[in-house]
$ cat start-v8.tsv   # TSV, N, CA and C atoms
chain	number	residue	atom	x	y	z
A	2	MET	N	16.67	-31.20	-36.59
A	2	MET	CA	16.08	-31.55	-35.32
A	2	MET	C	16.01	-30.34	-34.40
A	3	ASN	N	16.97	-29.45	-34.46
A	3	ASN	CA	17.01	-28.27	-33.62
A	3	ASN	C	15.84	-27.34	-33.94
A	4	ILE	N	15.52	-27.18	-35.21
A	4	ILE	CA	14.40	-26.33	-35.62
A	4	ILE	C	13.09	-26.95	-35.12
A	5	TYR	N	13.01	-28.27	-35.19
A	5	TYR	CA	11.82	-28.96	-34.70
A	5	TYR	C	11.59	-28.68	-33.21
A	6	ASN	N	12.63	-28.72	-32.41
A	6	ASN	CA	12.51	-28.44	-30.97
A	6	ASN	C	12.06	-27.00	-30.73
A	7	LYS	N	12.62	-26.06	-31.48
A	7	LYS	CA	12.23	-24.65	-31.32
A	7	LYS	C	10.77	-24.45	-31.70
A	8	LEU	N	10.36	-25.11	-32.77
A	8	LEU	CA	8.97	-25.00	-33.21
A	8	LEU	C	8.03	-25.61	-32.18
A	9	LEU	N	8.42	-26.72	-31.60
A	9	LEU	CA	7.61	-27.37	-30.57
A	9	LEU	C	7.45	-26.48	-29.34
A	10	VAL	N	8.53	-25.86	-28.92
A	10	VAL	CA	8.48	-24.95	-27.78
A	10	VAL	C	7.58	-23.76	-28.10
A	11	LEU	N	7.72	-23.19	-29.28
A	11	LEU	CA	6.91	-22.05	-29.68
A	11	LEU	C	5.42	-22.41	-29.70
A	12	LEU	N	5.08	-23.56	-30.27
A	12	LEU	CA	3.68	-23.99	-30.30
A	12	LEU	C	3.14	-24.25	-28.90
A	13	THR	N	3.97	-24.78	-28.02
A	13	THR	CA	3.55	-25.01	-26.64
A	13	THR	C	3.25	-23.70	-25.94
A	14	VAL	N	4.11	-22.71	-26.11
A	14	VAL	CA	3.90	-21.40	-25.48
A	14	VAL	C	2.63	-20.76	-26.02
A	15	ILE	N	2.42	-20.83	-27.31
A	15	ILE	CA	1.22	-20.23	-27.91
A	15	ILE	C	-0.03	-20.94	-27.37
A	16	SER	N	0.02	-22.25	-27.30
A	16	SER	CA	-1.13	-23.01	-26.79
A	16	SER	C	-1.45	-22.66	-25.35
A	17	LEU	N	-0.41	-22.56	-24.52
A	17	LEU	CA	-0.63	-22.20	-23.12
A	17	LEU	C	-1.19	-20.79	-23.00
A	18	THR	N	-0.72	-19.88	-23.83
A	18	THR	CA	-1.23	-18.50	-23.81
A	18	THR	C	-2.71	-18.47	-24.16
A	19	VAL	N	-3.08	-19.20	-25.19
A	19	VAL	CA	-4.49	-19.24	-25.61
A	19	VAL	C	-5.35	-19.87	-24.52
A	20	LEU	N	-4.89	-20.97	-23.93
A	20	LEU	CA	-5.65	-21.62	-22.87
A	20	LEU	C	-5.80	-20.72	-21.65
A	21	THR	N	-4.74	-20.02	-21.30
A	21	THR	CA	-4.81	-19.10	-20.16
A	21	THR	C	-5.78	-17.97	-20.43
A	22	ALA	N	-5.74	-17.43	-21.62
A	22	ALA	CA	-6.64	-16.33	-21.98
A	22	ALA	C	-8.09	-16.80	-21.97
A	23	CYS	N	-8.35	-17.99	-22.46
A	23	CYS	CA	-9.72	-18.51	-22.48
A	23	CYS	C	-10.24	-18.76	-21.07
A	24	SER	N	-9.43	-19.35	-20.22
A	24	SER	CA	-9.89	-19.64	-18.86
A	24	SER	C	-10.09	-18.35	-18.08
A	25	SER	N	-9.26	-17.35	-18.26
A	25	SER	CA	-9.44	-16.07	-17.57
A	25	SER	C	-10.72	-15.40	-18.02
A	26	ASN	N	-11.04	-15.50	-19.29
A	26	ASN	CA	-12.24	-14.89	-19.84
A	26	ASN	C	-13.48	-15.55	-19.26
A	27	GLU	N	-13.47	-16.87	-19.09
A	27	GLU	CA	-14.62	-17.57	-18.53
A	27	GLU	C	-14.88	-17.15	-17.10
A	28	VAL	N	-13.85	-16.98	-16.30
A	28	VAL	CA	-14.01	-16.57	-14.91
A	28	VAL	C	-14.61	-15.18	-14.83
A	29	SER	N	-14.14	-14.25	-15.65
A	29	SER	CA	-14.64	-12.89	-15.58
A	29	SER	C	-16.09	-12.82	-16.05
A	30	GLN	N	-16.47	-13.62	-17.04
A	30	GLN	CA	-17.85	-13.61	-17.50
A	30	GLN	C	-18.79	-14.16	-16.44
A	31	SER	N	-18.41	-15.24	-15.77
A	31	SER	CA	-19.28	-15.80	-14.75
A	31	SER	C	-19.39	-14.88	-13.55
A	32	SER	N	-18.34	-14.14	-13.21
A	32	SER	CA	-18.39	-13.21	-12.09
A	32	SER	C	-19.33	-12.06	-12.37
A	33	GLU	N	-19.42	-11.65	-13.63
A	33	GLU	CA	-20.30	-10.54	-13.98
A	33	GLU	C	-21.76	-10.93	-13.83
A	34	ASN	N	-22.09	-12.19	-14.06
A	34	ASN	CA	-23.48	-12.64	-14.05
A	34	ASN	C	-24.01	-12.96	-12.67
A	35	ASN	N	-23.19	-13.40	-11.75
A	35	ASN	CA	-23.65	-13.85	-10.46
A	35	ASN	C	-22.99	-13.04	-9.34
A	36	PRO	N	-23.75	-12.30	-8.52
A	36	PRO	CA	-23.16	-11.51	-7.44
A	36	PRO	C	-22.37	-12.36	-6.44
A	37	ARG	N	-22.82	-13.58	-6.22
A	37	ARG	CA	-22.10	-14.46	-5.29
A	37	ARG	C	-20.71	-14.80	-5.82
A	38	ASP	N	-20.60	-14.95	-7.13
A	38	ASP	CA	-19.31	-15.23	-7.75
A	38	ASP	C	-18.35	-14.05	-7.57
A	39	LYS	N	-18.90	-12.84	-7.55
A	39	LYS	CA	-18.05	-11.66	-7.33
A	39	LYS	C	-17.42	-11.72	-5.94
A	40	GLN	N	-18.19	-12.16	-4.95
A	40	GLN	CA	-17.67	-12.27	-3.59
A	40	GLN	C	-16.58	-13.35	-3.54
A	41	VAL	N	-16.82	-14.46	-4.21
A	41	VAL	CA	-15.83	-15.54	-4.24
A	41	VAL	C	-14.57	-15.06	-4.94
A	42	ALA	N	-14.71	-14.30	-6.03
A	42	ALA	CA	-13.55	-13.79	-6.75
A	42	ALA	C	-12.75	-12.84	-5.88
A	43	ALA	N	-13.43	-12.08	-5.02
A	43	ALA	CA	-12.74	-11.15	-4.13
A	43	ALA	C	-11.94	-11.90	-3.07
A	44	GLU	N	-12.36	-13.11	-2.76
A	44	GLU	CA	-11.68	-13.91	-1.75
A	44	GLU	C	-10.79	-14.97	-2.40
A	45	GLU	N	-10.16	-14.60	-3.49
A	45	GLU	CA	-9.35	-15.55	-4.23
A	45	GLU	C	-8.21	-16.11	-3.40
A	46	THR	N	-7.85	-17.31	-3.75
A	46	THR	CA	-6.71	-17.95	-3.12
A	46	THR	C	-5.76	-18.41	-4.22
A	47	ARG	N	-4.57	-18.79	-3.80
A	47	ARG	CA	-3.62	-19.36	-4.73
A	47	ARG	C	-2.92	-20.52	-4.07
A	48	VAL	N	-2.41	-21.41	-4.86
A	48	VAL	CA	-1.74	-22.60	-4.35
A	48	VAL	C	-0.23	-22.40	-4.49
A	49	VAL	N	0.47	-22.64	-3.38
A	49	VAL	CA	1.93	-22.50	-3.36
A	49	VAL	C	2.54	-23.87	-3.08
A	50	GLN	N	3.56	-24.21	-3.84
A	50	GLN	CA	4.24	-25.48	-3.64
A	50	GLN	C	5.30	-25.31	-2.56
A	51	THR	N	5.28	-26.15	-1.54
A	51	THR	CA	6.26	-26.11	-0.46
A	51	THR	C	6.95	-27.46	-0.34
A	52	VAL	N	7.92	-27.54	0.54
A	52	VAL	CA	8.63	-28.80	0.78
A	52	VAL	C	7.65	-29.87	1.23
A	53	ASN	N	6.63	-29.48	1.97
A	53	ASN	CA	5.66	-30.43	2.51
A	53	ASN	C	4.42	-30.57	1.64
A	54	GLY	N	4.47	-30.08	0.42
A	54	GLY	CA	3.32	-30.21	-0.48
A	54	GLY	C	2.68	-28.87	-0.78
A	55	GLU	N	1.52	-28.92	-1.41
A	55	GLU	CA	0.82	-27.71	-1.80
A	55	GLU	C	0.07	-27.10	-0.62
A	56	VAL	N	0.08	-25.76	-0.57
A	56	VAL	CA	-0.60	-25.01	0.48
A	56	VAL	C	-1.44	-23.94	-0.21
A	57	THR	N	-2.70	-23.81	0.19
A	57	THR	CA	-3.58	-22.78	-0.34
A	57	THR	C	-3.51	-21.56	0.56
A	58	ILE	N	-3.22	-20.40	-0.03
A	58	ILE	CA	-3.09	-19.16	0.73
A	58	ILE	C	-3.94	-18.08	0.08
A	59	PRO	N	-4.26	-16.99	0.81
A	59	PRO	CA	-4.98	-15.89	0.19
A	59	PRO	C	-4.15	-15.24	-0.91
A	60	ALA	N	-4.79	-14.85	-1.99
A	60	ALA	CA	-4.08	-14.22	-3.10
A	60	ALA	C	-3.53	-12.85	-2.69
A	61	LYS	N	-4.27	-12.14	-1.86
A	61	LYS	CA	-3.83	-10.81	-1.40
A	61	LYS	C	-4.00	-10.73	0.12
A	62	PRO	N	-3.08	-11.34	0.86
A	62	PRO	CA	-3.21	-11.34	2.32
A	62	PRO	C	-3.07	-9.93	2.89
A	63	GLN	N	-3.87	-9.63	3.89
A	63	GLN	CA	-3.86	-8.31	4.52
A	63	GLN	C	-3.17	-8.32	5.88
A	64	ARG	N	-3.27	-9.42	6.60
A	64	ARG	CA	-2.70	-9.52	7.95
A	64	ARG	C	-1.70	-10.67	7.97
A	65	ILE	N	-0.43	-10.32	7.85
A	65	ILE	CA	0.64	-11.30	7.75
A	65	ILE	C	1.44	-11.34	9.04
A	66	VAL	N	1.79	-12.54	9.49
A	66	VAL	CA	2.72	-12.72	10.61
A	66	VAL	C	3.90	-13.50	10.06
A	67	THR	N	5.13	-13.04	10.38
A	67	THR	CA	6.33	-13.74	9.93
A	67	THR	C	7.05	-14.36	11.10
A	68	GLN	N	7.74	-15.44	10.84
A	68	GLN	CA	8.56	-16.14	11.82
A	68	GLN	C	9.88	-16.49	11.16
A	69	ALA	N	10.81	-16.96	11.97
A	69	ALA	CA	12.05	-17.58	11.48
A	69	ALA	C	12.92	-16.67	10.62
A	70	GLY	N	13.03	-15.40	10.99
A	70	GLY	CA	13.95	-14.51	10.28
A	70	GLY	C	13.47	-14.02	8.93
A	71	LEU	N	12.18	-14.01	8.69
A	71	LEU	CA	11.66	-13.64	7.37
A	71	LEU	C	11.10	-12.23	7.29
A	72	LEU	N	11.16	-11.46	8.37
A	72	LEU	CA	10.59	-10.12	8.38
A	72	LEU	C	11.22	-9.22	7.32
A	73	ALA	N	12.54	-9.18	7.24
A	73	ALA	CA	13.22	-8.31	6.28
A	73	ALA	C	12.84	-8.68	4.85
A	74	THR	N	12.70	-9.96	4.58
A	74	THR	CA	12.32	-10.41	3.24
A	74	THR	C	10.92	-9.93	2.88
A	75	VAL	N	9.99	-10.06	3.82
A	75	VAL	CA	8.62	-9.63	3.56
A	75	VAL	C	8.56	-8.11	3.38
A	76	LEU	N	9.31	-7.38	4.19
A	76	LEU	CA	9.37	-5.92	4.05
A	76	LEU	C	9.96	-5.53	2.69
A	77	ALA	N	10.96	-6.28	2.22
A	77	ALA	CA	11.56	-6.01	0.92
A	77	ALA	C	10.57	-6.23	-0.22
A	78	LEU	N	9.57	-7.07	0.01
A	78	LEU	CA	8.53	-7.32	-0.98
A	78	LEU	C	7.39	-6.30	-0.87
A	79	ASP	N	7.62	-5.26	-0.08
A	79	ASP	CA	6.67	-4.15	0.10
A	79	ASP	C	5.37	-4.59	0.77
A	80	MET	N	5.49	-5.52	1.72
A	80	MET	CA	4.36	-5.93	2.54
A	80	MET	C	4.75	-5.68	3.99
A	81	LYS	N	3.83	-5.16	4.78
A	81	LYS	CA	4.12	-4.90	6.19
A	81	LYS	C	3.33	-5.87	7.05
A	82	PRO	N	4.03	-6.77	7.74
A	82	PRO	CA	3.34	-7.73	8.61
A	82	PRO	C	2.74	-7.05	9.84
A	83	VAL	N	1.76	-7.72	10.44
A	83	VAL	CA	1.20	-7.23	11.69
A	83	VAL	C	1.97	-7.78	12.88
A	84	GLY	N	2.76	-8.85	12.67
A	84	GLY	CA	3.53	-9.45	13.74
A	84	GLY	C	4.78	-10.12	13.22
A	85	ALA	N	5.82	-10.14	14.09
A	85	ALA	CA	7.08	-10.79	13.72
A	85	ALA	C	7.83	-11.16	14.99
A	86	GLY	N	8.85	-11.99	14.84
A	86	GLY	CA	9.66	-12.43	15.96
A	86	GLY	C	10.52	-11.32	16.55
A	87	SER	N	10.88	-11.47	17.82
A	87	SER	CA	11.66	-10.45	18.54
A	87	SER	C	12.98	-10.13	17.86
A	88	LYS	N	13.73	-11.17	17.48
A	88	LYS	CA	15.03	-10.93	16.85
A	88	LYS	C	14.89	-10.15	15.55
A	89	ASP	N	13.86	-10.46	14.79
A	89	ASP	CA	13.64	-9.74	13.54
A	89	ASP	C	13.34	-8.27	13.78
A	90	ILE	N	12.50	-7.99	14.76
A	90	ILE	CA	12.11	-6.61	15.03
A	90	ILE	C	13.31	-5.80	15.53
A	91	LYS	N	14.24	-6.45	16.22
A	91	LYS	CA	15.41	-5.76	16.75
A	91	LYS	C	16.52	-5.59	15.71
A	92	ASN	N	16.35	-6.09	14.52
A	92	ASN	CA	17.35	-5.97	13.46
A	92	ASN	C	17.64	-4.49	13.20
A	93	PRO	N	18.88	-4.03	13.40
A	93	PRO	CA	19.18	-2.60	13.25
A	93	PRO	C	19.05	-2.09	11.82
A	94	HIS	N	19.07	-2.96	10.85
A	94	HIS	CA	19.01	-2.54	9.45
A	94	HIS	C	17.61	-2.20	8.97
A	95	ILE	N	16.59	-2.57	9.73
A	95	ILE	CA	15.22	-2.32	9.29
A	95	ILE	C	14.41	-1.54	10.33
A	96	GLN	N	15.08	-0.88	11.25
A	96	GLN	CA	14.38	-0.18	12.33
A	96	GLN	C	13.39	0.86	11.84
A	97	ASP	N	13.67	1.52	10.73
A	97	ASP	CA	12.75	2.54	10.23
A	97	ASP	C	11.51	1.92	9.56
A	98	LEU	N	11.48	0.60	9.40
A	98	LEU	CA	10.36	-0.06	8.74
A	98	LEU	C	9.47	-0.88	9.66
A	99	VAL	N	9.86	-1.04	10.92
A	99	VAL	CA	9.14	-1.98	11.80
A	99	VAL	C	8.15	-1.31	12.76
A	100	GLN	N	7.94	-0.01	12.65
A	100	GLN	CA	6.94	0.62	13.51
A	100	GLN	C	5.57	0.02	13.22
A	101	GLY	N	4.88	-0.37	14.29
A	101	GLY	CA	3.55	-0.95	14.16
A	101	GLY	C	3.53	-2.46	14.03
A	102	VAL	N	4.69	-3.09	13.92
A	102	VAL	CA	4.76	-4.55	13.84
A	102	VAL	C	4.82	-5.10	15.26
A	103	GLU	N	3.86	-5.95	15.62
A	103	GLU	CA	3.78	-6.52	16.97
A	103	GLU	C	4.87	-7.57	17.18
A	104	ASP	N	5.43	-7.57	18.37
A	104	ASP	CA	6.44	-8.56	18.76
A	104	ASP	C	5.72	-9.82	19.22
A	105	ILE	N	5.97	-10.95	18.54
A	105	ILE	CA	5.34	-12.22	18.91
A	105	ILE	C	6.31	-13.13	19.65
A	106	GLY	N	7.36	-12.56	20.20
A	106	GLY	CA	8.36	-13.38	20.87
A	106	GLY	C	9.21	-14.08	19.83
A	107	GLU	N	9.57	-15.30	20.11
A	107	GLU	CA	10.37	-16.04	19.13
A	107	GLU	C	9.52	-16.97	18.28
A	108	GLY	N	8.24	-16.67	18.17
A	108	GLY	CA	7.38	-17.40	17.25
A	108	GLY	C	6.66	-18.59	17.82
A	109	THR	N	6.88	-18.90	19.08
A	109	THR	CA	6.19	-20.05	19.66
A	109	THR	C	5.01	-19.65	20.55
A	110	ASP	N	4.75	-18.36	20.67
A	110	ASP	CA	3.61	-17.88	21.44
A	110	ASP	C	2.40	-17.86	20.51
A	111	TYR	N	1.79	-19.04	20.34
A	111	TYR	CA	0.72	-19.18	19.37
A	111	TYR	C	-0.52	-18.38	19.75
A	112	GLU	N	-0.75	-18.19	21.04
A	112	GLU	CA	-1.89	-17.37	21.46
A	112	GLU	C	-1.70	-15.93	20.99
A	113	LYS	N	-0.48	-15.41	21.11
A	113	LYS	CA	-0.19	-14.05	20.66
A	113	LYS	C	-0.39	-13.94	19.14
A	114	ILE	N	0.06	-14.96	18.43
A	114	ILE	CA	-0.12	-14.96	16.97
A	114	ILE	C	-1.61	-14.97	16.62
A	115	LEU	N	-2.40	-15.79	17.29
A	115	LEU	CA	-3.83	-15.86	17.00
A	115	LEU	C	-4.56	-14.57	17.38
A	116	GLU	N	-4.08	-13.87	18.41
A	116	GLU	CA	-4.67	-12.58	18.79
A	116	GLU	C	-4.56	-11.57	17.65
A	117	LEU	N	-3.53	-11.68	16.83
A	117	LEU	CA	-3.32	-10.76	15.72
A	117	LEU	C	-4.23	-11.07	14.53
A	118	GLU	N	-4.95	-12.20	14.60
A	118	GLU	CA	-5.88	-12.63	13.56
A	118	GLU	C	-5.26	-12.59	12.16
A	119	PRO	N	-4.15	-13.29	11.96
A	119	PRO	CA	-3.52	-13.26	10.64
A	119	PRO	C	-4.29	-14.08	9.61
A	120	ASP	N	-4.22	-13.64	8.37
A	120	ASP	CA	-4.77	-14.47	7.30
A	120	ASP	C	-3.65	-15.23	6.59
A	121	LEU	N	-2.38	-14.93	6.97
A	121	LEU	CA	-1.24	-15.67	6.44
A	121	LEU	C	-0.10	-15.64	7.46
A	122	ILE	N	0.45	-16.80	7.77
A	122	ILE	CA	1.62	-16.91	8.63
A	122	ILE	C	2.75	-17.45	7.77
A	123	ILE	N	3.84	-16.68	7.67
A	123	ILE	CA	4.97	-17.09	6.85
A	123	ILE	C	6.09	-17.56	7.77
A	124	THR	N	6.50	-18.79	7.58
A	124	THR	CA	7.56	-19.38	8.39
A	124	THR	C	8.37	-20.30	7.51
A	125	GLN	N	9.38	-20.90	8.08
A	125	GLN	CA	10.12	-21.90	7.32
A	125	GLN	C	10.40	-23.09	8.20
A	126	ASN	N	10.41	-24.23	7.56
A	126	ASN	CA	10.70	-25.47	8.24
A	126	ASN	C	11.44	-26.35	7.25
A	127	ASN	N	12.67	-26.64	7.53
A	127	ASN	CA	13.48	-27.43	6.61
A	127	ASN	C	13.35	-28.92	6.84
A	128	ASP	N	12.54	-29.33	7.81
A	128	ASP	CA	12.37	-30.73	8.14
A	128	ASP	C	11.22	-31.30	7.33
A	129	SER	N	11.52	-32.04	6.29
A	129	SER	CA	10.47	-32.57	5.41
A	129	SER	C	9.69	-33.71	6.06
A	130	ASP	N	10.12	-34.19	7.24
A	130	ASP	CA	9.40	-35.25	7.92
A	130	ASP	C	8.19	-34.74	8.68
A	131	LEU	N	8.07	-33.44	8.87
A	131	LEU	CA	6.93	-32.88	9.63
A	131	LEU	C	5.72	-32.71	8.76
$ encode --input "start-v8.tsv" --output "structure tokens"
Amino acid sequence: MNIYNKLLVLLTVISLTVLTACSSNEVSQSSENNPRDKQVAAEETRVVQTVNGEVTIPAKPQRIVTQAGLLATVLALDMKPVGAGSKDIKNPHIQDLVQGVEDIGEGTDYEKILELEPDLIITQNNDSDL
């Protein structure tokens, strides 16, 4: 029975690999044929699972705003936000990395956030009822 389970897992992985390769190939072929498809491919999005369900975000966001203590995490991922909360910007451990990051207060100044024209706002909310 143990060999059967290993074989089943191996066949599943191989099947998923083949399906992924086939679907990737179809997308690249259609993008080559239609200029409009190239523009759509450049504006790719991805779906992220959150506590409150699935959220569609840009695949390669350029203008990120962070809230709720997430600035250091985003900087560690080698992304530089355009805006972050006051407490995050004042963090003494990341002072050499925050030049050019706009102070958005404590994250509730939505007009300031919108002025920065972000394509992604990263925050956290542990309340699943919202």
$ residues_around --input "start-v8.tsv" --residues "A:Ala73" --least-positions-apart "4" --cutoff "6.5 Å" --atoms "only N, CA and C atoms" --output "list in words"
Ala77, Leu78 and Asp89 of chain A
$ atom_distance --input "start-v8.tsv" --atom1 "atom CA of A:Asp97" --atom2 "atom CA of A:Asp120"
24.6 Å
$ atom_distance --input "start-v8.tsv" --atom1 "atom N of A:Asn53" --atom2 "atom CA of A:Ile123"
13.4 Å
$ closest_residue --input "start-v8.tsv" --among "A:Gln100, A:Thr46, A:Thr51, A:Ser87" --to "A:Gln68" --atoms "all atoms listed in the file"
A:Ser87
$ axis_aligned_box --input "start-v8.tsv" --around "stretch 90-93 of chain A" --padding-each-side "3 Å" --output "AutoDock Vina command-line options"
--center_x 15.6 --center_y -5.0 --center_z 14.3 --size_x 13.1 --size_y 11.9 --size_z 10.9
$ atom_distance --input "start-v8.tsv" --atom1 "atom CA of A:Ile95" --atom2 "atom C of A:Gln63"
19.6 Å
$ residues_around --input "start-v8.tsv" --residues "A:Lys81" --least-positions-apart "5" --cutoff "8 Å" --atoms "all atoms listed in the file" --output "MDAnalysis selection string"
chainID A and resid 63:66 75:76 98 101:102
